[in-house]
>>> print(open('data_28.pdb').read())   # PDB, C-alpha atoms
ATOM      1  CA  MET A   1       5.219  -4.550  22.727
ATOM      2  CA  ARG A   2       4.743  -6.566  25.914
ATOM      3  CA  ASP A   3       1.304  -5.009  26.417
ATOM      4  CA  GLY A   4       0.432  -6.026  22.879
ATOM      5  CA  ILE A   5       1.497  -9.623  23.463
ATOM      6  CA  LYS A   6      -0.702  -9.789  26.572
ATOM      7  CA  ALA A   7      -3.653  -8.291  24.727
ATOM      8  CA  GLY A   8      -3.127 -10.718  21.848
ATOM      9  CA  VAL A   9      -3.337 -13.919  23.907
ATOM     10  CA  PRO A  10      -7.139 -14.263  24.260
ATOM     11  CA  ILE A  11      -7.617 -13.684  20.536
ATOM     12  CA  ALA A  12      -4.785 -16.108  19.814
ATOM     13  CA  ALA A  13      -6.675 -18.782  21.750
ATOM     14  CA  ALA A  14      -9.643 -18.346  19.416
ATOM     15  CA  SER A  15      -7.323 -18.337  16.387
ATOM     16  CA  PHE A  16      -5.846 -21.606  17.636
ATOM     17  CA  VAL A  17      -9.231 -23.323  17.504
ATOM     18  CA  LEU A  18      -9.995 -21.876  14.055
ATOM     19  CA  ALA A  19      -6.535 -22.939  12.837
ATOM     20  CA  ILE A  20      -7.184 -26.517  13.952
ATOM     21  CA  SER A  21     -10.382 -26.530  11.926
ATOM     22  CA  PHE A  22      -8.494 -25.074   8.943
ATOM     23  CA  GLY A  23      -5.928 -27.888   9.215
ATOM     24  CA  VAL A  24      -8.653 -30.519   9.483
ATOM     25  CA  LEU A  25     -10.531 -29.196   6.438
ATOM     26  CA  ALA A  26      -7.391 -28.533   4.373
ATOM     27  CA  GLN A  27      -5.608 -31.865   4.841
ATOM     28  CA  PRO A  28      -7.766 -33.964   2.468
ATOM     29  CA  VAL A  29      -7.685 -31.210  -0.188
ATOM     30  CA  MET A  30      -4.155 -29.814   0.034
ATOM     31  CA  GLY A  31      -2.163 -32.603   1.647
ATOM     32  CA  THR A  32      -0.083 -32.492   4.818
ATOM     33  CA  VAL A  33       2.642 -29.921   4.209
ATOM     34  CA  ALA A  34       0.927 -27.242   2.100
ATOM     35  CA  PRO A  35      -1.670 -26.142   4.707
ATOM     36  CA  ILE A  36       1.050 -25.597   7.319
ATOM     37  CA  VAL A  37       3.269 -23.708   4.846
ATOM     38  CA  MET A  38       0.245 -21.639   3.847
ATOM     39  CA  SER A  39      -0.533 -20.691   7.449
ATOM     40  CA  ALA A  40       3.115 -19.795   8.057
ATOM     41  CA  LEU A  41       3.532 -17.676   4.910
ATOM     42  CA  VAL A  42       0.080 -16.296   4.033
ATOM     43  CA  PHE A  43      -1.103 -16.003   7.667
ATOM     44  CA  ALA A  44      -4.574 -14.703   6.856
ATOM     45  CA  GLY A  45      -7.494 -16.748   8.095
ATOM     46  CA  SER A  46     -10.357 -15.582   5.916
ATOM     47  CA  ALA A  47      -8.272 -15.695   2.706
ATOM     48  CA  GLN A  48      -7.017 -19.185   3.508
ATOM     49  CA  PHE A  49     -10.511 -20.519   4.197
ATOM     50  CA  ALA A  50     -11.775 -18.901   0.986
ATOM     51  CA  ALA A  51      -8.982 -20.329  -1.177
ATOM     52  CA  LEU A  52      -9.479 -23.727   0.430
ATOM     53  CA  ALA A  53     -13.216 -23.636  -0.269
ATOM     54  CA  VAL A  54     -12.542 -22.947  -3.965
ATOM     55  CA  LEU A  55      -9.963 -25.749  -4.202
ATOM     56  CA  ALA A  56     -12.233 -28.184  -2.364
ATOM     57  CA  ALA A  57     -15.025 -27.418  -4.832
ATOM     58  CA  GLY A  58     -12.651 -28.150  -7.715
ATOM     59  CA  GLY A  59     -12.530 -24.482  -8.716
ATOM     60  CA  GLY A  60      -8.927 -24.391  -9.880
ATOM     61  CA  ALA A  61      -5.870 -22.389  -8.830
ATOM     62  CA  GLY A  62      -6.812 -19.117 -10.554
ATOM     63  CA  ALA A  63     -10.191 -18.823  -8.852
ATOM     64  CA  ALA A  64      -8.698 -19.764  -5.474
ATOM     65  CA  ILE A  65      -6.011 -17.082  -5.816
ATOM     66  CA  VAL A  66      -8.555 -14.421  -6.787
ATOM     67  CA  ALA A  67     -10.768 -15.339  -3.821
ATOM     68  CA  GLY A  68      -7.834 -15.081  -1.432
ATOM     69  CA  ILE A  69      -6.650 -11.760  -2.857
ATOM     70  CA  LEU A  70     -10.140 -10.250  -2.649
ATOM     71  CA  LEU A  71     -10.398 -11.157   1.017
ATOM     72  CA  ASN A  72      -6.950  -9.775   1.770
ATOM     73  CA  ALA A  73      -7.454  -6.572  -0.217
ATOM     74  CA  ARG A  74      -8.810  -4.862   2.927
ATOM     75  CA  TYR A  75      -5.195  -4.767   4.125
ATOM     76  CA  VAL A  76      -4.576  -2.042   1.527
ATOM     77  CA  PRO A  77      -6.838   0.552   3.228
ATOM     78  CA  MET A  78      -5.862  -0.808   6.656
ATOM     79  CA  GLY A  79      -2.201  -0.313   5.728
ATOM     80  CA  VAL A  80      -2.940   3.190   4.429
ATOM     81  CA  ALA A  81      -4.514   4.022   7.800
ATOM     82  CA  LEU A  82      -1.549   2.542   9.662
ATOM     83  CA  ALA A  83       1.159   4.111   7.494
ATOM     84  CA  PRO A  84       1.442   7.634   8.995
ATOM     85  CA  SER A  85       2.161   6.054  12.404
ATOM     86  CA  LEU A  86       5.129   4.030  11.130
ATOM     87  CA  ALA A  87       8.712   5.178  11.618
ATOM     88  CA  GLY A  88      11.843   4.055   9.799
ATOM     89  CA  GLY A  89      12.725   3.260   6.203
ATOM     90  CA  ARG A  90      10.708   1.404   3.612
ATOM     91  CA  LEU A  91      11.976  -2.049   4.539
ATOM     92  CA  ARG A  92      11.184  -1.582   8.199
ATOM     93  CA  ARG A  93       7.704  -0.221   7.404
ATOM     94  CA  ALA A  94       7.057  -3.118   5.027
ATOM     95  CA  ALA A  95       8.117  -5.561   7.749
ATOM     96  CA  VAL A  96       5.747  -4.024  10.299
ATOM     97  CA  GLY A  97       3.014  -4.169   7.655
ATOM     98  CA  GLN A  98       3.457  -7.949   7.451
ATOM     99  CA  THR A  99       2.243  -8.251  11.050
ATOM    100  CA  MET A 100      -1.101  -6.685  10.139
ATOM    101  CA  ILE A 101      -4.081  -8.862  11.036
ATOM    102  CA  ASP A 102      -7.582  -7.563  11.738
ATOM    103  CA  ALA A 103      -7.523  -8.077  15.492
ATOM    104  CA  SER A 104      -4.080  -6.576  16.170
ATOM    105  CA  TRP A 105      -4.648  -3.684  13.774
ATOM    106  CA  ALA A 106      -7.923  -2.859  15.499
ATOM    107  CA  MET A 107      -6.464  -3.114  19.009
ATOM    108  CA  SER A 108      -3.608  -0.760  18.118
ATOM    109  CA  ILE A 109      -5.912   2.121  17.100
ATOM    110  CA  ARG A 110      -5.183   5.163  19.263
ATOM    111  CA  GLY A 111      -7.640   7.650  17.764
ATOM    112  CA  GLU A 112      -7.260  10.712  15.506
ATOM    113  CA  GLY A 113      -5.875   8.411  12.812
ATOM    114  CA  ARG A 114      -2.939   7.266  14.998
ATOM    115  CA  PHE A 115      -1.813   3.692  15.694
ATOM    116  CA  ASP A 116       0.634   2.035  18.094
ATOM    117  CA  PRO A 117       2.734  -0.187  15.770
ATOM    118  CA  ASP A 118       4.752  -1.811  18.584
ATOM    119  CA  PHE A 119       1.507  -2.854  20.252
ATOM    120  CA  MET A 120       0.282  -4.309  16.952
ATOM    121  CA  VAL A 121       3.449  -6.340  16.391
ATOM    122  CA  GLY A 122       3.215  -7.678  19.945
ATOM    123  CA  ALA A 123      -0.462  -8.584  19.618
ATOM    124  CA  THR A 124       0.166 -10.461  16.374
ATOM    125  CA  PHE A 125       2.969 -12.595  17.797
ATOM    126  CA  PRO A 126       0.875 -15.049  19.890
ATOM    127  CA  ASN A 127      -1.629 -15.157  17.017
ATOM    128  CA  TYR A 128       1.068 -16.284  14.603
ATOM    129  CA  VAL A 129       2.301 -19.044  16.896
ATOM    130  CA  CYS A 130      -1.244 -20.285  17.510
ATOM    131  CA  TRP A 131      -2.291 -20.035  13.855
ATOM    132  CA  VAL A 132       0.636 -22.071  12.525
ATOM    133  CA  GLY A 133       0.663 -24.477  15.496
ATOM    134  CA  GLY A 134      -3.097 -24.987  15.321
ATOM    135  CA  THR A 135      -2.937 -25.707  11.595
ATOM    136  CA  ALA A 136      -0.262 -28.360  12.152
ATOM    137  CA  LEU A 137      -2.310 -29.892  14.967
ATOM    138  CA  GLY A 138      -5.385 -30.017  12.748
ATOM    139  CA  VAL A 139      -3.469 -31.588   9.864
ATOM    140  CA  PHE A 140      -1.804 -34.294  11.969
ATOM    141  CA  ALA A 141      -4.184 -34.907  14.848
ATOM    142  CA  GLY A 142      -7.430 -34.463  12.979
ATOM    143  CA  ASP A 143     -10.737 -33.453  14.401
ATOM    144  CA  LEU A 144     -10.109 -32.717  18.090
ATOM    145  CA  ILE A 145     -12.628 -29.979  18.606
ATOM    146  CA  GLY A 146     -15.553 -30.694  16.343
ATOM    147  CA  ASP A 147     -17.357 -27.862  14.616
ATOM    148  CA  PRO A 148     -16.178 -24.414  15.792
ATOM    149  CA  GLU A 149     -19.747 -23.190  15.289
ATOM    150  CA  THR A 150     -20.954 -25.509  18.060
ATOM    151  CA  LEU A 151     -18.709 -23.517  20.394
ATOM    152  CA  GLY A 152     -20.103 -20.239  19.067
ATOM    153  CA  LEU A 153     -16.670 -19.222  17.783
ATOM    154  CA  ASP A 154     -18.106 -17.613  14.664
ATOM    155  CA  ALA A 155     -19.824 -15.089  16.942
ATOM    156  CA  LEU A 156     -16.608 -14.327  18.799
ATOM    157  CA  PHE A 157     -14.853 -12.201  16.189
ATOM    158  CA  PRO A 158     -17.809  -9.908  15.379
ATOM    159  CA  ALA A 159     -18.215  -9.351  19.133
ATOM    160  CA  PHE A 160     -14.535  -8.505  19.431
ATOM    161  CA  PHE A 161     -14.735  -5.981  16.589
ATOM    162  CA  LEU A 162     -17.916  -4.530  18.075
ATOM    163  CA  ALA A 163     -16.110  -3.856  21.362
ATOM    164  CA  LEU A 164     -13.351  -1.991  19.494
ATOM    165  CA  LEU A 165     -15.912  -0.191  17.347
ATOM    166  CA  VAL A 166     -17.697   1.157  20.437
ATOM    167  CA  THR A 167     -14.462   2.902  21.435
ATOM    168  CA  GLU A 168     -14.224   4.416  17.931
ATOM    169  CA  LEU A 169     -17.828   5.619  18.025
ATOM    170  CA  GLY A 170     -17.006   7.582  21.168
ATOM    171  CA  ARG A 171     -14.723   9.820  19.107
ATOM    172  CA  GLY A 172     -17.533  11.848  17.580
ATOM    173  CA  ARG A 173     -20.486  12.084  15.243
ATOM    174  CA  ARG A 174     -18.401  11.610  12.112
ATOM    175  CA  ALA A 175     -17.127   8.260  13.369
ATOM    176  CA  ILE A 176     -20.722   7.178  13.980
ATOM    177  CA  ALA A 177     -21.756   8.328  10.509
ATOM    178  CA  ALA A 178     -18.810   6.529   8.869
ATOM    179  CA  ALA A 179     -19.627   3.332  10.763
ATOM    180  CA  ALA A 180     -23.315   3.469   9.850
ATOM    181  CA  LEU A 181     -22.527   4.143   6.214
ATOM    182  CA  GLY A 182     -19.959   1.320   6.252
ATOM    183  CA  VAL A 183     -22.578  -1.129   7.504
ATOM    184  CA  VAL A 184     -25.074  -0.076   4.839
ATOM    185  CA  ILE A 185     -22.510  -0.363   2.016
ATOM    186  CA  ALA A 186     -21.311  -3.775   3.220
ATOM    187  CA  LEU A 187     -24.754  -5.327   3.690
ATOM    188  CA  VAL A 188     -26.171  -3.938   0.446
ATOM    189  CA  LEU A 189     -23.240  -5.321  -1.545
ATOM    190  CA  ALA A 190     -22.812  -8.655   0.265
ATOM    191  CA  PRO A 191     -25.460 -10.685  -1.621
ATOM    192  CA  HIS A 192     -24.270  -9.386  -5.013
ATOM    193  CA  THR A 193     -20.466  -9.365  -4.853
ATOM    194  CA  ALA A 194     -17.614 -11.798  -4.216
ATOM    195  CA  ALA A 195     -16.585 -12.318  -0.600
ATOM    196  CA  GLY A 196     -14.212  -9.606   0.557
ATOM    197  CA  VAL A 197     -15.607  -6.883  -1.673
ATOM    198  CA  PRO A 198     -18.229  -5.591   0.820
ATOM    199  CA  VAL A 199     -15.663  -4.832   3.535
ATOM    200  CA  ILE A 200     -13.317  -3.074   1.099
ATOM    201  CA  ALA A 201     -16.151  -1.035  -0.392
ATOM    202  CA  ALA A 202     -17.213  -0.011   3.122
ATOM    203  CA  CYS A 203     -13.962   1.992   3.305
ATOM    204  CA  LEU A 204     -15.581   4.452   0.902
ATOM    205  CA  ALA A 205     -17.629   5.621   3.895
ATOM    206  CA  ALA A 206     -14.458   7.351   5.126
ATOM    207  CA  VAL A 207     -14.703   9.946   2.343
ATOM    208  CA  ILE A 208     -17.210  11.835   4.469
ATOM    209  CA  GLY A 209     -14.017  12.999   6.184
ATOM    210  CA  LEU A 210     -13.330  15.154   3.107
ATOM    211  CA  ARG A 211     -15.830  17.665   4.415
ATOM    212  CA  ARG A 212     -14.295  20.237   6.664
ATOM    213  CA  PRO A 213     -15.469  19.776  10.265
ATOM    214  CA  ARG A 214     -17.662  22.535  11.615
ATOM    215  CA  PRO A 215     -15.501  24.906  13.698
ATOM    216  CA  GLU A 216     -17.360  24.469  16.978
ATOM    217  CA  GLY A 217     -18.556  20.932  16.321
ATOM    218  CA  GLU A 218     -16.869  17.639  16.894
ATOM    219  CA  GLY A 219     -14.764  16.049  14.159
TER
ATOM    220  CA  MET V 220       3.315 -27.569 -10.168
ATOM    221  CA  SER V 221       0.074 -28.654  -8.531
ATOM    222  CA  ASP V 222      -2.850 -26.278  -8.050
ATOM    223  CA  THR V 223      -2.304 -26.395  -4.304
ATOM    224  CA  TRP V 224       1.272 -25.148  -4.399
ATOM    225  CA  THR V 225       0.464 -22.572  -7.065
ATOM    226  CA  VAL V 226      -2.189 -21.148  -4.737
ATOM    227  CA  VAL V 227       0.073 -21.209  -1.676
ATOM    228  CA  LEU V 228       2.954 -19.436  -3.438
ATOM    229  CA  ALA V 229       0.800 -16.903  -5.302
ATOM    230  CA  LEU V 230      -1.141 -15.958  -2.168
ATOM    231  CA  THR V 231       2.081 -15.689  -0.192
ATOM    232  CA  ALA V 232       3.483 -13.171  -2.671
ATOM    233  CA  ALA V 233       0.206 -11.278  -3.133
ATOM    234  CA  THR V 234      -0.542 -11.026   0.581
ATOM    235  CA  ALA V 235       2.959  -9.800   1.411
ATOM    236  CA  ALA V 236       2.693  -7.157  -1.322
ATOM    237  CA  ILE V 237      -0.782  -6.085  -0.149
ATOM    238  CA  ARG V 238       0.325  -5.801   3.487
ATOM    239  CA  ALA V 239       3.429  -3.817   2.486
ATOM    240  CA  SER V 240       1.659  -1.462   0.072
ATOM    241  CA  GLY V 241       0.250   1.165   2.446
ATOM    242  CA  PRO V 242       3.268   1.296   4.798
ATOM    243  CA  VAL V 243       5.790   1.489   1.908
ATOM    244  CA  LEU V 244       3.960   3.988  -0.308
ATOM    245  CA  ILE V 245       2.540   6.326   2.311
ATOM    246  CA  GLY V 246       4.489   5.876   5.551
ATOM    247  CA  GLY V 247       7.140   8.203   6.861
ATOM    248  CA  ARG V 248       5.743  11.498   5.668
ATOM    249  CA  ASP V 249       3.352  14.085   6.982
ATOM    250  CA  LEU V 250      -0.003  14.014   5.266
ATOM    251  CA  PRO V 251      -2.313  16.989   4.734
ATOM    252  CA  PRO V 252      -5.113  17.336   7.321
ATOM    253  CA  ILE V 253      -7.807  16.432   4.802
ATOM    254  CA  VAL V 254      -6.157  13.028   4.183
ATOM    255  CA  ILE V 255      -5.728  12.450   7.913
ATOM    256  CA  ARG V 256      -9.444  13.138   8.422
ATOM    257  CA  VAL V 257     -10.341  10.461   5.874
ATOM    258  CA  ILE V 258      -7.813   7.977   7.268
ATOM    259  CA  ALA V 259      -9.167   8.468  10.791
ATOM    260  CA  LEU V 260     -12.604   7.393   9.568
ATOM    261  CA  LEU V 261     -11.297   4.191   7.949
ATOM    262  CA  ALA V 262     -11.168   2.532  11.367
ATOM    263  CA  PRO V 263     -14.857   2.920  12.305
ATOM    264  CA  ALA V 264     -15.998   2.162   8.729
ATOM    265  CA  LEU V 265     -13.910  -1.029   8.496
ATOM    266  CA  LEU V 266     -14.735  -2.250  12.003
ATOM    267  CA  ALA V 267     -18.462  -1.692  11.462
ATOM    268  CA  ALA V 268     -18.330  -3.569   8.154
ATOM    269  CA  LEU V 269     -16.431  -6.479   9.745
ATOM    270  CA  VAL V 270     -19.102  -6.694  12.454
ATOM    271  CA  ALA V 271     -21.981  -6.528   9.966
ATOM    272  CA  VAL V 272     -20.558  -9.019   7.461
ATOM    273  CA  GLY V 273     -19.351 -11.382  10.195
ATOM    274  CA  THR V 274     -22.750 -11.415  11.881
ATOM    275  CA  PHE V 275     -25.410 -11.027   9.221
ATOM    276  CA  THR V 276     -24.137 -12.742   6.061
ATOM    277  CA  ALA V 277     -23.971 -16.423   5.111
ATOM    278  CA  ALA V 278     -20.981 -18.044   3.396
ATOM    279  CA  ASP V 279     -22.462 -17.195  -0.034
ATOM    280  CA  GLY V 280     -23.001 -13.537   0.938
ATOM    281  CA  ASP V 281     -26.764 -13.699   1.388
ATOM    282  CA  LEU V 282     -28.140 -11.882   4.419
ATOM    283  CA  GLU V 283     -28.851 -14.245   7.292
ATOM    284  CA  LEU V 284     -30.151 -13.920  10.834
ATOM    285  CA  ASP V 285     -28.895 -16.778  13.007
ATOM    286  CA  ALA V 286     -27.224 -17.595  16.323
ATOM    287  CA  ARG V 287     -24.434 -15.106  15.605
ATOM    288  CA  ALA V 288     -26.939 -12.273  16.025
ATOM    289  CA  ALA V 289     -27.750 -13.596  19.504
ATOM    290  CA  GLY V 290     -24.031 -13.597  20.201
ATOM    291  CA  LEU V 291     -23.693 -10.007  19.032
ATOM    292  CA  GLY V 292     -26.671  -9.006  21.172
ATOM    293  CA  ALA V 293     -25.063 -10.576  24.232
ATOM    294  CA  ALA V 294     -21.818  -8.751  23.438
ATOM    295  CA  ALA V 295     -23.695  -5.451  23.159
ATOM    296  CA  GLY V 296     -25.321  -6.149  26.519
ATOM    297  CA  VAL V 297     -21.960  -6.651  28.206
ATOM    298  CA  LEU V 298     -20.624  -3.514  26.504
ATOM    299  CA  LEU V 299     -23.486  -1.460  27.954
ATOM    300  CA  TRP V 300     -22.355  -2.646  31.370
ATOM    301  CA  SER V 301     -18.626  -2.136  30.813
ATOM    302  CA  ARG V 302     -16.550  -1.057  27.837
ATOM    303  CA  ASN V 303     -13.348  -2.578  29.157
ATOM    304  CA  ALA V 304     -14.406  -6.149  29.806
ATOM    305  CA  MET V 305     -13.149  -7.537  26.485
ATOM    306  CA  LEU V 306     -12.925 -11.141  27.672
ATOM    307  CA  ALA V 307     -16.466 -10.999  29.067
ATOM    308  CA  VAL V 308     -17.696  -9.512  25.772
ATOM    309  CA  VAL V 309     -16.318 -12.266  23.542
ATOM    310  CA  ALA V 310     -17.148 -15.022  26.053
ATOM    311  CA  ALA V 311     -20.757 -13.826  26.267
ATOM    312  CA  ALA V 312     -20.999 -13.754  22.474
ATOM    313  CA  ALA V 313     -19.644 -17.279  22.010
ATOM    314  CA  LEU V 314     -21.793 -18.618  24.859
ATOM    315  CA  ALA V 315     -24.987 -16.981  23.592
ATOM    316  CA  ALA V 316     -24.400 -18.248  20.044
ATOM    317  CA  ALA V 317     -23.560 -21.767  21.241
ATOM    318  CA  LEU V 318     -26.643 -21.868  23.505
ATOM    319  CA  THR V 319     -28.899 -20.557  20.734
ATOM    320  CA  ARG V 320     -27.634 -23.316  18.427
ATOM    321  CA  ALA V 321     -27.946 -26.003  21.084
ATOM    322  CA  LEU V 322     -31.530 -25.014  21.869
ATOM    323  CA  SER V 323     -32.785 -24.485  18.321
TER
END
>>> encode(input="data_28.pdb", output="structure tokens")
Amino acid sequence: MRDGIKAGVPIAAASFVLAISFGVLAQPVMGTVAPIVMSALVFAGSAQFAALAVLAAGGGAGAAIVAGILLNARYVPMGVALAPSLAGGRLRRAAVGQTMIDASWAMSIRGEGRFDPDFMVGATFPNYVCWVGGTALGVFAGDLIGDPETLGLDALFPAFFLALLVTELGRGRRAIAAAALGVVIALVLAPHTAAGVPVIAACLAAVIGLRRPRPEGEG
Amino acid sequence: MSDTWTVVLALTAATAAIRASGPVLIGGRDLPPIVIRVIALLAPALLAALVAVGTFTAADGDLELDARAAGLGAAAGVLLWSRNAMLAVVAAAALAAALTRALS
């Protein structure tokens, strides 16, 4: 778990800056307390930004909830992938599942469908502190950092996932095929579907694993 | 109850349920090899989609080529040099995207 905490710190620093911008944007729309409570309880950046965008546009509670759920729905397949690596009873597994965020989940991949749950929990911890703390700072202290895009922060997370993807691609031709198919599905759907749908649909690329691997070939 | 608090409470419940679903329903049992093969491919498929959507789509979902692509290119460059320099990868991406924006 200590290794996970260490690995989580650089990503937590980026989350901190994004959380400040969430707090700044949310305060005029949601008030002072609700954004902080939301970060503490929902703890999912993309869903929170999406729900906030709907509320800010006057879209109503129902639409905001649907937007948030769509963006978080990827945690269903991510949790399915994680599940075989989890020990203990249902409550314990559910608790570990609550610590699932993209970055920690991805860093805890150990190949062949295995994960290191302790590492994931550790990596999420500094993220949680920075996400909630950053939101509070944004709500109370206002615009300290300006636009995160000026700092190039919106390019940071794709780069992070790319680095982890490269490791996955090294595991064989099927991984490369699944990744390529995932990209195609996501980009074809993106202009036509609600946010969140493309990434979930990209999971369908994994069904190429249904085919039996060739005996001498790589899996 | 205001819209804001309805959203906060509903998303809290929904997100907790979503995050618990896989671990509660599937965890703690041995799965057949065919399921494991599919699960193992979820990681590359999801990661690749997160990269593609995070880099090449605008807020409304339309495809877009902007400074983030320069950032991703810089990250790929660092990765060609070393696969273990995570901090250098993300720093190069942020720097390249920020510079591209500042200069354009």
>>> resolve_selection(input="data_28.pdb", expression="the ChimeraX specification (/A :<7) & /V", output="MDAnalysis selection string")
chainID V and resid 222:227 229:231 233:235 237:243 245:248 253 255:261 263:274 280:282 287 290:291 294 298 305 308:309 312:314 316:317
>>> axis_aligned_box(input="data_28.pdb", around="segment 172-184 of chain A", padding_each_side="8 Å", output="AutoDock Vina command-line options")
--center_x -21.1 --center_y 5.5 --center_z 11.2 --size_x 23.9 --size_y 29.2 --size_z 28.7
>>> closest_residue(input="data_28.pdb", among="A:Gly4, A:Gly133, A:Gly172, A:Gly122", to="Leu18 of chain A", atoms="only C-alpha atoms")
A:Gly133
>>> atom_distance(input="data_28.pdb", atom1="atom CA of Asp118 of chain A", atom2="atom CA of Ala262 of chain V")
18.0 Å
>>> atom_distance(input="data_28.pdb", atom1="atom CA of Ala53 of chain A", atom2="atom CA of Ala26 of chain A")
8.9 Å
>>> closest_residue(input="data_28.pdb", among="A:Val197, A:Ala57, A:Ala19, A:Ile5", to="Thr135 of chain A", atoms="only C-alpha atoms")
A:Ala19
>>> atom_distance(input="data_28.pdb", atom1="atom CA of Lys6 of chain A", atom2="atom CA of Trp300 of chain V")
23.3 Å
>>> residues_near_point(input="data_28.pdb", point="(-28.8, -13.7, 9.7)", cutoff="8 Å", atoms="only C-alpha atoms", output="list in words")
Thr274, Phe275, Thr276, Ala277, Leu282, Glu283, Leu284, Asp285, Ala286, Arg287 and Ala288 of chain V
>>> write_last_selection(input="data_28.pdb", atoms="C-alpha atoms", output="compact mmCIF listing (two decimals), in the coordinates of the input")
# COMPACT_ATOMS: atom_id res chain seq x y z
CA THR V 274 -22.75 -11.42 11.88
CA PHE V 275 -25.41 -11.03 9.22
CA THR V 276 -24.14 -12.74 6.06
CA ALA V 277 -23.97 -16.42 5.11
CA LEU V 282 -28.14 -11.88 4.42
CA GLU V 283 -28.85 -14.24 7.29
CA LEU V 284 -30.15 -13.92 10.83
CA ASP V 285 -28.90 -16.78 13.01
CA ALA V 286 -27.22 -17.60 16.32
CA ARG V 287 -24.43 -15.11 15.60
CA ALA V 288 -26.94 -12.27 16.02
>>> resolve_selection(input="data_28.pdb", expression="the PyMOL selection byres ((chain A and resi 126) around 8)", output="list of chain:residue names")
A:Ile5, A:Gly8, A:Val9, A:Ala12, A:Gly122, A:Ala123, A:Thr124, A:Phe125, A:Asn127, A:Tyr128, A:Val129, A:Cys130
>>> residues_around(input="data_28.pdb", residues="Ile20 of chain A", least_positions_apart="4", cutoff="10 Å", atoms="all atoms listed in the file", output="PDB file with C-alpha atoms, keeping the file's coordinate frame")
ATOM      1  CA  SER A  15      -7.323 -18.337  16.387  1.00  0.00           C
ATOM      2  CA  PHE A  16      -5.846 -21.606  17.636  1.00  0.00           C
ATOM      3  CA  VAL A  24      -8.653 -30.519   9.483  1.00  0.00           C
ATOM      4  CA  LEU A  25     -10.531 -29.196   6.438  1.00  0.00           C
ATOM      5  CA  ALA A  26      -7.391 -28.533   4.373  1.00  0.00           C
ATOM      6  CA  CYS A 130      -1.244 -20.285  17.510  1.00  0.00           C
ATOM      7  CA  TRP A 131      -2.291 -20.035  13.855  1.00  0.00           C
ATOM      8  CA  VAL A 132       0.636 -22.071  12.525  1.00  0.00           C
ATOM      9  CA  GLY A 133       0.663 -24.477  15.496  1.00  0.00           C
ATOM     10  CA  GLY A 134      -3.097 -24.987  15.321  1.00  0.00           C
ATOM     11  CA  THR A 135      -2.937 -25.707  11.595  1.00  0.00           C
ATOM     12  CA  ALA A 136      -0.262 -28.360  12.152  1.00  0.00           C
ATOM     13  CA  LEU A 137      -2.310 -29.892  14.967  1.00  0.00           C
ATOM     14  CA  GLY A 138      -5.385 -30.017  12.748  1.00  0.00           C
ATOM     15  CA  VAL A 139      -3.469 -31.588   9.864  1.00  0.00           C
ATOM     16  CA  PHE A 140      -1.804 -34.294  11.969  1.00  0.00           C
ATOM     17  CA  ALA A 141      -4.184 -34.907  14.848  1.00  0.00           C
ATOM     18  CA  GLY A 142      -7.430 -34.463  12.979  1.00  0.00           C
ATOM     19  CA  ASP A 143     -10.737 -33.453  14.401  1.00  0.00           C
ATOM     20  CA  LEU A 144     -10.109 -32.717  18.090  1.00  0.00           C
ATOM     21  CA  ILE A 145     -12.628 -29.979  18.606  1.00  0.00           C
ATOM     22  CA  GLY A 146     -15.553 -30.694  16.343  1.00  0.00           C
ATOM     23  CA  PRO A 148     -16.178 -24.414  15.792  1.00  0.00           C
TER      24      PRO A 148
END
>>> closest_residue(input="data_28.pdb", among="A:Phe119, A:Gly170, A:Gly23, A:Met107", to="Met1 of chain A", atoms="all atoms listed in the file")
A:Phe119
>>> closest_residue(input="data_28.pdb", among="V:Ser221, V:Arg320, V:Leu228, V:Ala311", to="Gly292 of chain V", atoms="all atoms listed in the file")
V:Ala311
